[in-house]
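To keep things clear, I will list the structure first and then write my remarks on it.
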Amino acid sequence: MRALLVTGEVSAPESGGPRARAVGVVDGRVVAVGDPEEVRARLPSGAARLAAPYVAPGFVDSHVHLIWAGQRATRLVLDDVGGLGELLDRLRAHAAANPSAQWLTADAGFDLDGRLPSAAELEAAVPGRGLLLDRKGHDALVNVTALRRAGIGPGTPDPPGGRIDRDAAGTPTGLLVERPAVDLVRAVLPTVDRDTRVGWIRAGQAELLRHGITTAVDPAVAVEDLDGYAYAARSGRLRMRVVAMPLGDALATDAVLDRAVARTGLVTADPARLRRGPTKLFLDGGGSLGTALLSSPWPGTDGYHGNQTLSVDIVHAHCVAAAGAGRGVGVHAVGDAAVDLVLDVLTDVDRRAPIAGLGFHLIHAYLGPSRAAMDRARRLGVRVSAHPALQWQVGAGLVQRLGAERAGAANPLRAWLDAGVEVGGGSDGPGLPMSALFGMWQARTRQVRGWPDPLGAGQAVTAAQALALFTTGAARIAGGPGTGRIRVGDPADLALLDVDPLTSDVEALRTATVVTTIVGGEVEYRA
């Protein structure tokens, strides 16, 4: 029998009245919450002790690319480059440091004042070797060699749901818009072995545990990554709870994903550590990229409403199949038109049998969703995975694209909550702050990077609502029994903190420290 006494003021969404000051744990589950002496009396003698100023439920991230976070730690990151010259210099240096690599990849969330490098410019920096610069999991920039290896030329048609950007003469510029176009190049990249993927998982989970996150919903998990997760769980390398959302599309149908899950052995993993989650679908682009699907055209364009990555028929087929199997679907839908399309599909699916409680949820849903859409989501039982850190990063850019009023209405957390919709907080990391405490700070302050004042202050939430976003709210999207709270009988997932998410000054959240992270009664991180 393993017993643990954790002392500190308990900060939980359900806190009310006198605050508890101790949590008792036996064999990975909470057995007592209350006064330290009373809790101690419920534990066997010799129980280990841990103390911190505050004790919160282990945080839940409803949308974090855990395996991408581990991968990011091993490759070049170019998000912060300030100009074309710096970008090309850093690429040259990276190529020189990796002389045997025939393919080079990097994260490239830069803007460069609206100008993107051409395939020819990238080729000059990395001649004769394939180069792919990933733009937030949606678009990519590639060099001439990469285009040639993928067989992309003037006569190559745009794949359904994607676009090969071209100059006036029809020659590809090197910009590939949305995943179907990027996949043309990804298809010819070298394969990655399972041990490497498991290494990415271990690195990604270490970063999340450092932030007190005990459950992560990893969206857009490719089939080969499912295998990595299954092996990590079976071999005891998964030290937190993960909900893996298989990535579906036109070819990766629900039946294909079923076979992949069975083949990789994910169903044989301990469900307390690894579970299959809702299917993930990409319906539109991104707000910061100017490709989200809007009901009105993007300002400054020739009637461009954004990118629709999947057809309604494909989304419908996935949702019908998942609902029939008792599962949900999480749909990436940023723009208001995309949100409406998803809700149209789910309204039809719901007529066959109620979908509430199956795991259907909107991902992002932050650019102009109407009150009517919010009311429909509530009636259907559709949840929202929302990401305050994303608004912090892209808010100023949205002001430039849409104006301050529309940008301020983005990520309408309070409106979703006021409409009675269940909302779960997430980071959408990597490339964004993955700290749940940072997410709470942004949700309460509405501060954004590079902007002097709160953006959309009317959409700020309370301290209790912010904490619930990253505990009980996100846990509902994750679907794990008893996570995101501190109650007798629940798994002992705890985050020991040096600030109180409920009563400390809001600015303290931005620089707060997670002292210890406990998963199932086991200490998995200690500062």
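In the structure tokens, chains take the letters A, B, ... in the order shown, each chain's residues start at 1, and ligands count up from 1 in the order shown.
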
Exercise: A:Phe59 partners within 6 Å, only C-alpha atoms, chain neighbours under 5 positions left out, as a ChimeraX atom specification:
/A:212-214,470-471

Selected residues written out with N, CA and C atoms, as a PDB file, in the first residue's frame:
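Written file, result.pdb:
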ATOM      1  N   GLY A 212       2.540  21.097 -14.607  1.00  0.00           N
ATOM      2  CA  GLY A 212       1.454  20.585 -13.792  1.00  0.00           C
ATOM      3  C   GLY A 212       0.347  19.917 -14.579  1.00  0.00           C
ATOM      4  N   ILE A 213       0.581  19.645 -15.857  1.00  0.00           N
ATOM      5  CA  ILE A 213      -0.433  19.014 -16.707  1.00  0.00           C
ATOM      6  C   ILE A 213      -0.322  17.499 -16.547  1.00  0.00           C
ATOM      7  N   THR A 214      -1.408  16.880 -16.118  1.00  0.00           N
ATOM      8  CA  THR A 214      -1.412  15.441 -15.873  1.00  0.00           C
ATOM      9  C   THR A 214      -2.197  14.663 -16.923  1.00  0.00           C
ATOM     10  N   PHE A 470      -9.195  24.695 -17.349  1.00  0.00           N
ATOM     11  CA  PHE A 470      -8.048  23.782 -17.444  1.00  0.00           C
ATOM     12  C   PHE A 470      -8.127  22.626 -16.447  1.00  0.00           C
ATOM     13  N   THR A 471      -9.313  22.440 -15.861  1.00  0.00           N
ATOM     14  CA  THR A 471      -9.506  21.291 -14.974  1.00  0.00           C
ATOM     15  C   THR A 471     -10.792  20.575 -15.398  1.00  0.00           C
TER      16      THR A 471
END

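Once A:Leu432 and its same-chain neighbours fewer than 4 positions away are set aside, Ala389, Leu390, Gln393, Ser427 and Asp428 of chain A remain within 8 Å of it when counting only C-alpha atoms.
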
Selection: 6 Å around stretch 515-523 of chain A, only C-alpha atoms, excl. self and same-chain fewer than 5 positions, as an MDAnalysis selection string:
chainID A and resid 28 212 491:497

What lies within 6 Å of stretch 186-201 of chain A using only C-alpha atoms, ignoring chain neighbours under 5 positions off, as a ChimeraX atom specification?
/A:67,70-71,228

Those selected residues, please, written with N, CA and C atoms and delivered as a PDB file, in the first residue's frame.
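The file below, part.pdb, is the result:
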ATOM      1  N   ILE A  67       3.267  15.111 -29.031  1.00  0.00           N
ATOM      2  CA  ILE A  67       4.350  14.489 -29.798  1.00  0.00           C
ATOM      3  C   ILE A  67       5.045  15.525 -30.680  1.00  0.00           C
ATOM      4  N   GLY A  70       7.603  17.301 -28.508  1.00  0.00           N
ATOM      5  CA  GLY A  70       8.855  16.569 -28.403  1.00  0.00           C
ATOM      6  C   GLY A  70       9.687  16.669 -29.662  1.00  0.00           C
ATOM      7  N   GLN A  71       9.036  16.630 -30.804  1.00  0.00           N
ATOM      8  CA  GLN A  71       9.745  16.769 -32.070  1.00  0.00           C
ATOM      9  C   GLN A  71      10.349  18.161 -32.207  1.00  0.00           C
ATOM     10  N   GLY A 228       3.654   4.683 -31.804  1.00  0.00           N
ATOM     11  CA  GLY A 228       4.602   5.164 -30.806  1.00  0.00           C
ATOM     12  C   GLY A 228       3.959   5.303 -29.442  1.00  0.00           C
TER      13      GLY A 228
END

Long-range neighbours of A:Gly277 as an MDAnalysis selection string, 9 Å cut-off, only C-alpha atoms, 3 positions minimum in chain:
chainID A and resid 217:219 243:246 280 327:329 359 478:479

Residues as selected, N, CA and C atoms, written as a CSV table (one decimal), in the first residue's frame, can you do that?
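In the end it all went to selection-v7.csv:
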chain,number,residue,atom,x,y,z
A,217,VAL,N,-4.8,15.9,-24.2
A,217,VAL,CA,-5.5,15.5,-25.4
A,217,VAL,C,-4.6,15.9,-26.6
A,218,ASP,N,-4.1,14.8,-27.2
A,218,ASP,CA,-3.2,15.1,-28.4
A,218,ASP,C,-4.0,14.9,-29.7
A,219,PRO,N,-4.3,16.0,-30.3
A,219,PRO,CA,-5.1,16.0,-31.6
A,219,PRO,C,-4.2,15.7,-32.8
A,243,VAL,N,-4.9,11.2,-24.2
A,243,VAL,CA,-6.0,10.9,-25.0
A,243,VAL,C,-5.6,11.2,-26.4
A,244,ALA,N,-5.4,10.1,-27.3
A,244,ALA,CA,-4.9,10.3,-28.6
A,244,ALA,C,-6.0,10.4,-29.6
A,245,MET,N,-6.1,11.5,-30.3
A,245,MET,CA,-7.1,11.7,-31.3
A,245,MET,C,-6.6,11.3,-32.7
A,246,PRO,N,-7.0,10.2,-33.3
A,246,PRO,CA,-6.5,9.8,-34.6
A,246,PRO,C,-6.9,10.9,-35.7
A,280,LYS,N,-10.0,13.4,-35.1
A,280,LYS,CA,-9.7,14.8,-35.4
A,280,LYS,C,-9.9,15.0,-36.9
A,327,ARG,N,-18.5,7.1,-30.3
A,327,ARG,CA,-17.4,8.0,-30.1
A,327,ARG,C,-17.8,9.3,-30.7
A,328,GLY,N,-16.9,10.3,-30.5
A,328,GLY,CA,-17.1,11.7,-31.0
A,328,GLY,C,-16.1,12.0,-32.1
A,329,VAL,N,-16.2,13.3,-32.5
A,329,VAL,CA,-15.3,13.9,-33.5
A,329,VAL,C,-15.0,15.3,-33.0
A,359,GLY,N,-18.5,13.0,-27.1
A,359,GLY,CA,-17.2,13.6,-27.3
A,359,GLY,C,-17.1,14.5,-28.5
A,478,ALA,N,-11.6,15.6,-22.5
A,478,ALA,CA,-10.7,14.4,-22.4
A,478,ALA,C,-11.5,13.1,-22.2
A,479,GLY,N,-12.6,13.3,-21.4
A,479,GLY,CA,-13.4,12.1,-21.1
A,479,GLY,C,-12.9,11.2,-20.1

Filtered DSSP result for stretch 331-509 of chain A, state strand (DSSP E), as a PDB file with N, CA and C atoms, in the first residue's frame:
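Wrote it out as selection28.pdb, contents follow:
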ATOM      1  N   VAL A 331     -13.611  18.729 -34.453  1.00  0.00           N
ATOM      2  CA  VAL A 331     -13.414  19.352 -35.762  1.00  0.00           C
ATOM      3  C   VAL A 331     -12.738  20.702 -35.596  1.00  0.00           C
ATOM      4  N   HIS A 332     -11.587  20.856 -36.243  1.00  0.00           N
ATOM      5  CA  HIS A 332     -10.907  22.145 -36.324  1.00  0.00           C
ATOM      6  C   HIS A 332     -11.767  23.061 -37.180  1.00  0.00           C
ATOM      7  N   ALA A 333     -12.389  24.041 -36.536  1.00  0.00           N
ATOM      8  CA  ALA A 333     -13.273  24.986 -37.228  1.00  0.00           C
ATOM      9  C   ALA A 333     -13.043  26.351 -36.607  1.00  0.00           C
ATOM     10  N   VAL A 334     -12.247  27.189 -37.261  1.00  0.00           N
ATOM     11  CA  VAL A 334     -11.882  28.492 -36.711  1.00  0.00           C
ATOM     12  C   VAL A 334     -12.915  29.555 -37.054  1.00  0.00           C
ATOM     13  N   GLY A 335     -13.260  29.667 -38.336  1.00  0.00           N
ATOM     14  CA  GLY A 335     -14.151  30.729 -38.777  1.00  0.00           C
ATOM     15  C   GLY A 335     -15.617  30.434 -38.537  1.00  0.00           C
ATOM     16  N   HIS A 361     -16.858  17.836 -30.381  1.00  0.00           N
ATOM     17  CA  HIS A 361     -16.508  19.178 -29.944  1.00  0.00           C
ATOM     18  C   HIS A 361     -15.908  19.990 -31.090  1.00  0.00           C
ATOM     19  N   LEU A 362     -16.086  21.291 -30.972  1.00  0.00           N
ATOM     20  CA  LEU A 362     -15.484  22.255 -31.893  1.00  0.00           C
ATOM     21  C   LEU A 362     -14.097  22.611 -31.383  1.00  0.00           C
ATOM     22  N   ILE A 363     -13.143  22.681 -32.277  1.00  0.00           N
ATOM     23  CA  ILE A 363     -11.773  23.043 -31.919  1.00  0.00           C
ATOM     24  C   ILE A 363     -11.501  24.465 -32.418  1.00  0.00           C
ATOM     25  N   HIS A 364     -11.122  25.335 -31.524  1.00  0.00           N
ATOM     26  CA  HIS A 364     -10.855  26.765 -31.759  1.00  0.00           C
ATOM     27  C   HIS A 364     -12.155  27.566 -31.759  1.00  0.00           C
ATOM     28  N   ALA A 365     -12.912  27.498 -32.854  1.00  0.00           N
ATOM     29  CA  ALA A 365     -14.225  28.173 -32.942  1.00  0.00           C
ATOM     30  C   ALA A 365     -14.151  29.604 -32.433  1.00  0.00           C
ATOM     31  N   TYR A 366     -13.145  30.360 -32.909  1.00  0.00           N
ATOM     32  CA  TYR A 366     -12.910  31.657 -32.266  1.00  0.00           C
ATOM     33  C   TYR A 366     -13.133  32.881 -33.137  1.00  0.00           C
ATOM     34  N   LEU A 367     -13.395  32.726 -34.434  1.00  0.00           N
ATOM     35  CA  LEU A 367     -13.557  33.921 -35.273  1.00  0.00           C
ATOM     36  C   LEU A 367     -15.031  34.132 -35.630  1.00  0.00           C
ATOM     37  N   ARG A 383     -19.275  20.458 -27.243  1.00  0.00           N
ATOM     38  CA  ARG A 383     -18.363  21.263 -26.424  1.00  0.00           C
ATOM     39  C   ARG A 383     -17.408  22.060 -27.306  1.00  0.00           C
ATOM     40  N   VAL A 384     -16.630  22.927 -26.664  1.00  0.00           N
ATOM     41  CA  VAL A 384     -15.652  23.754 -27.375  1.00  0.00           C
ATOM     42  C   VAL A 384     -14.300  23.617 -26.691  1.00  0.00           C
ATOM     43  N   SER A 385     -13.271  23.319 -27.485  1.00  0.00           N
ATOM     44  CA  SER A 385     -11.891  23.349 -27.001  1.00  0.00           C
ATOM     45  C   SER A 385     -11.314  24.697 -27.402  1.00  0.00           C
ATOM     46  N   ALA A 386     -11.045  25.557 -26.393  1.00  0.00           N
ATOM     47  CA  ALA A 386     -10.629  26.948 -26.629  1.00  0.00           C
ATOM     48  C   ALA A 386      -9.225  27.165 -26.094  1.00  0.00           C
ATOM     49  N   VAL A 423     -16.884  24.409 -22.047  1.00  0.00           N
ATOM     50  CA  VAL A 423     -15.651  24.834 -22.698  1.00  0.00           C
ATOM     51  C   VAL A 423     -14.464  24.251 -21.951  1.00  0.00           C
ATOM     52  N   GLY A 424     -13.539  23.665 -22.685  1.00  0.00           N
ATOM     53  CA  GLY A 424     -12.316  23.138 -22.099  1.00  0.00           C
ATOM     54  C   GLY A 424     -11.118  23.915 -22.588  1.00  0.00           C
ATOM     55  N   GLY A 425     -10.243  24.294 -21.675  1.00  0.00           N
ATOM     56  CA  GLY A 425      -9.067  25.066 -22.047  1.00  0.00           C
ATOM     57  C   GLY A 425      -7.957  24.185 -22.586  1.00  0.00           C
ATOM     58  N   LEU A 494      -2.501  15.674  -9.080  1.00  0.00           N
ATOM     59  CA  LEU A 494      -2.411  16.931  -8.347  1.00  0.00           C
ATOM     60  C   LEU A 494      -1.292  17.798  -8.902  1.00  0.00           C
ATOM     61  N   ALA A 495      -1.504  19.114  -8.833  1.00  0.00           N
ATOM     62  CA  ALA A 495      -0.470  20.096  -9.160  1.00  0.00           C
ATOM     63  C   ALA A 495      -0.231  20.940  -7.921  1.00  0.00           C
ATOM     64  N   LEU A 496       0.977  20.887  -7.387  1.00  0.00           N
ATOM     65  CA  LEU A 496       1.338  21.664  -6.200  1.00  0.00           C
ATOM     66  C   LEU A 496       1.967  22.966  -6.673  1.00  0.00           C
ATOM     67  N   LEU A 497       1.442  24.103  -6.183  1.00  0.00           N
ATOM     68  CA  LEU A 497       1.761  25.410  -6.753  1.00  0.00           C
ATOM     69  C   LEU A 497       2.282  26.375  -5.702  1.00  0.00           C
TER      70      LEU A 497
END

Quick one: everything within 8 Å of A:Gly24, counting only C-alpha atoms, minus sequence neighbours fewer than 2 positions away in the same chain. Send it as an NGL selection string.
:A and (3-6 or 22 or 26 or 30-33 or 39-40 or 42-43)

From the options A:Ala124, A:Ala51, A:Gly431, A:Ala372, which residue's atoms come nearest to A:Gly85, counting only C-alpha atoms?
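Answer, going by the shortest atom-to-atom distance: A:Ala124.
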
Atom CA of A:Tyr229 to atom CA of A:Val25: how many Å, to one decimal?
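It comes out at 27.8 Å.
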
Find the nearest atom pair between each residue of stretch 235-324 of chain A and stretch 153-162 of chain A for residues within 10 Å, count only C-alpha atoms, give distances in Å to one decimal, sort rows by chain and ascending number, and present the table as CSV.
residue,atom,partner,partner_atom,distance
A:Ala250,CA,A:Pro160,CA,9.2
A:Phe282,CA,A:Gly161,CA,9.7
A:Leu283,CA,A:Gly161,CA,8.8
A:Asp284,CA,A:Gly161,CA,8.8
A:Gly285,CA,A:Gly162,CA,9.9
A:Asn307,CA,A:Gly161,CA,7.2
A:Gln308,CA,A:Gly161,CA,5.9
A:Thr309,CA,A:Gly161,CA,3.8
A:Leu310,CA,A:Gly161,CA,5.7
A:Ser311,CA,A:Gly161,CA,7.7

One-decimal distance in Å that lies between atom CA of A:Val461 and atom CA of A:Arg414
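Here the two named atoms are 5.8 Å from each other.
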
So, with only C-alpha atoms as the atoms that count, which of A:Gly357, A:Ala125, A:Asp505, A:Gly300 lies closest to A:Ala93?
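Of A:Gly357, A:Ala125, A:Asp505, A:Gly300, the one nearest A:Ala93 is A:Ala125, counting only C-alpha atoms.
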
Given the choices A:Ala415, A:Val339, A:Ala12, A:Val60, which gets closest to A:Arg476 if the distance is worked out from only C-alpha atoms?
A:Val60

Filtered DSSP result for stretch 200-395 of chain A, state alpha helix (DSSP H), as a PyMOL selection string:
chain A and resi 200-210+223-234+254-264+312-324+336-352+371-380+388-395

Store the residues picked out above in a file with C-alpha atoms, as an mmCIF file, in the first residue's frame.
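This is the output file again_14.cif:
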data_model
loop_
_atom_site.group_PDB
_atom_site.id
_atom_site.type_symbol
_atom_site.label_atom_id
_atom_site.label_comp_id
_atom_site.auth_asym_id
_atom_site.auth_seq_id
_atom_site.Cartn_x
_atom_site.Cartn_y
_atom_site.Cartn_z
ATOM 1 C CA TRP A 200 9.517 12.675 -28.876
ATOM 2 C CA ILE A 201 6.716 11.460 -26.598
ATOM 3 C CA ARG A 202 9.005 11.354 -23.583
ATOM 4 C CA ALA A 203 10.354 14.836 -24.296
ATOM 5 C CA GLY A 204 6.877 16.270 -24.849
ATOM 6 C CA GLN A 205 5.410 14.764 -21.698
ATOM 7 C CA ALA A 206 8.351 16.016 -19.625
ATOM 8 C CA GLU A 207 7.534 19.566 -20.710
ATOM 9 C CA LEU A 208 3.845 19.174 -19.873
ATOM 10 C CA LEU A 209 4.511 17.606 -16.483
ATOM 11 C CA ARG A 210 6.712 20.601 -15.687
ATOM 12 C CA VAL A 223 -1.125 6.336 -37.585
ATOM 13 C CA GLU A 224 2.617 5.963 -37.049
ATOM 14 C CA ASP A 225 2.356 8.129 -33.944
ATOM 15 C CA LEU A 226 -0.421 5.900 -32.616
ATOM 16 C CA ASP A 227 2.089 3.064 -32.733
ATOM 17 C CA GLY A 228 4.602 5.164 -30.806
ATOM 18 C CA TYR A 229 2.044 5.987 -28.134
ATOM 19 C CA ALA A 230 0.918 2.371 -27.799
ATOM 20 C CA TYR A 231 4.487 1.167 -27.368
ATOM 21 C CA ALA A 232 5.311 3.938 -24.890
ATOM 22 C CA ALA A 233 2.291 3.002 -22.786
ATOM 23 C CA ARG A 234 2.944 -0.750 -22.856
ATOM 24 C CA ASP A 254 -13.330 5.791 -39.701
ATOM 25 C CA ALA A 255 -12.870 2.166 -40.798
ATOM 26 C CA VAL A 256 -9.237 2.815 -41.742
ATOM 27 C CA LEU A 257 -8.611 4.417 -38.358
ATOM 28 C CA ASP A 258 -10.270 1.467 -36.596
ATOM 29 C CA ARG A 259 -7.896 -0.935 -38.310
ATOM 30 C CA ALA A 260 -4.911 1.265 -37.485
ATOM 31 C CA VAL A 261 -5.850 1.437 -33.808
ATOM 32 C CA ALA A 262 -6.175 -2.355 -33.682
ATOM 33 C CA ARG A 263 -2.939 -2.927 -35.608
ATOM 34 C CA THR A 264 -0.856 -0.639 -33.400
ATOM 35 C CA VAL A 312 -19.140 18.389 -45.946
ATOM 36 C CA ASP A 313 -19.772 14.828 -47.150
ATOM 37 C CA ILE A 314 -16.471 13.605 -45.678
ATOM 38 C CA VAL A 315 -17.107 15.359 -42.370
ATOM 39 C CA HIS A 316 -20.604 13.881 -42.302
ATOM 40 C CA ALA A 317 -19.350 10.354 -43.006
ATOM 41 C CA HIS A 318 -16.796 10.554 -40.186
ATOM 42 C CA CYS A 319 -19.361 11.905 -37.731
ATOM 43 C CA VAL A 320 -22.002 9.297 -38.580
ATOM 44 C CA ALA A 321 -19.503 6.453 -38.244
ATOM 45 C CA ALA A 322 -18.039 7.746 -34.990
ATOM 46 C CA ALA A 323 -21.458 8.336 -33.431
ATOM 47 C CA GLY A 324 -22.537 4.841 -34.434
ATOM 48 C CA ASP A 336 -17.861 31.317 -38.264
ATOM 49 C CA ALA A 337 -18.760 29.650 -41.569
ATOM 50 C CA ALA A 338 -16.790 26.547 -40.582
ATOM 51 C CA VAL A 339 -18.528 26.446 -37.190
ATOM 52 C CA ASP A 340 -21.922 26.634 -38.893
ATOM 53 C CA LEU A 341 -20.996 23.829 -41.315
ATOM 54 C CA VAL A 342 -19.995 21.545 -38.444
ATOM 55 C CA LEU A 343 -23.174 22.275 -36.524
ATOM 56 C CA ASP A 344 -25.265 21.625 -39.659
ATOM 57 C CA VAL A 345 -23.643 18.202 -39.955
ATOM 58 C CA LEU A 346 -24.057 17.407 -36.257
ATOM 59 C CA THR A 347 -27.703 18.512 -36.290
ATOM 60 C CA ASP A 348 -28.341 15.903 -38.977
ATOM 61 C CA VAL A 349 -26.358 13.221 -37.126
ATOM 62 C CA ASP A 350 -28.222 14.021 -33.919
ATOM 63 C CA ARG A 351 -31.546 13.302 -35.628
ATOM 64 C CA ARG A 352 -30.495 9.657 -35.927
ATOM 65 C CA ARG A 371 -25.082 33.492 -30.703
ATOM 66 C CA ALA A 372 -27.341 31.224 -32.752
ATOM 67 C CA ALA A 373 -24.391 28.867 -33.281
ATOM 68 C CA MET A 374 -23.646 28.907 -29.570
ATOM 69 C CA ASP A 375 -27.250 28.061 -28.766
ATOM 70 C CA ARG A 376 -27.187 25.187 -31.263
ATOM 71 C CA ALA A 377 -23.989 23.839 -29.724
ATOM 72 C CA ARG A 378 -25.592 23.894 -26.282
ATOM 73 C CA ARG A 379 -28.715 22.086 -27.472
ATOM 74 C CA LEU A 380 -26.646 19.408 -29.206
ATOM 75 C CA PRO A 388 -6.257 31.477 -24.641
ATOM 76 C CA ALA A 389 -2.528 31.240 -25.433
ATOM 77 C CA LEU A 390 -3.387 31.221 -29.129
ATOM 78 C CA GLN A 391 -5.247 34.509 -28.787
ATOM 79 C CA TRP A 392 -2.261 35.925 -26.897
ATOM 80 C CA GLN A 393 0.011 35.048 -29.817
ATOM 81 C CA VAL A 394 -2.139 35.960 -32.825
ATOM 82 C CA GLY A 395 -4.330 38.753 -31.416
#

Check the smallest atom-to-atom distance from each of A:Arg401, A:Arg446, A:Arg526, A:Arg72 to A:Leu413 using only C-alpha atoms, then report the winner.
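Of A:Arg401, A:Arg446, A:Arg526, A:Arg72, the one nearest A:Leu413, counting only C-alpha atoms, is A:Arg446.
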
Which one of A:Pro18, A:Gly420, A:Gly326, A:Pro430 sits closest to A:Asp107 if you count only C-alpha atoms?
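Closest residue, counting only C-alpha atoms: A:Pro430.
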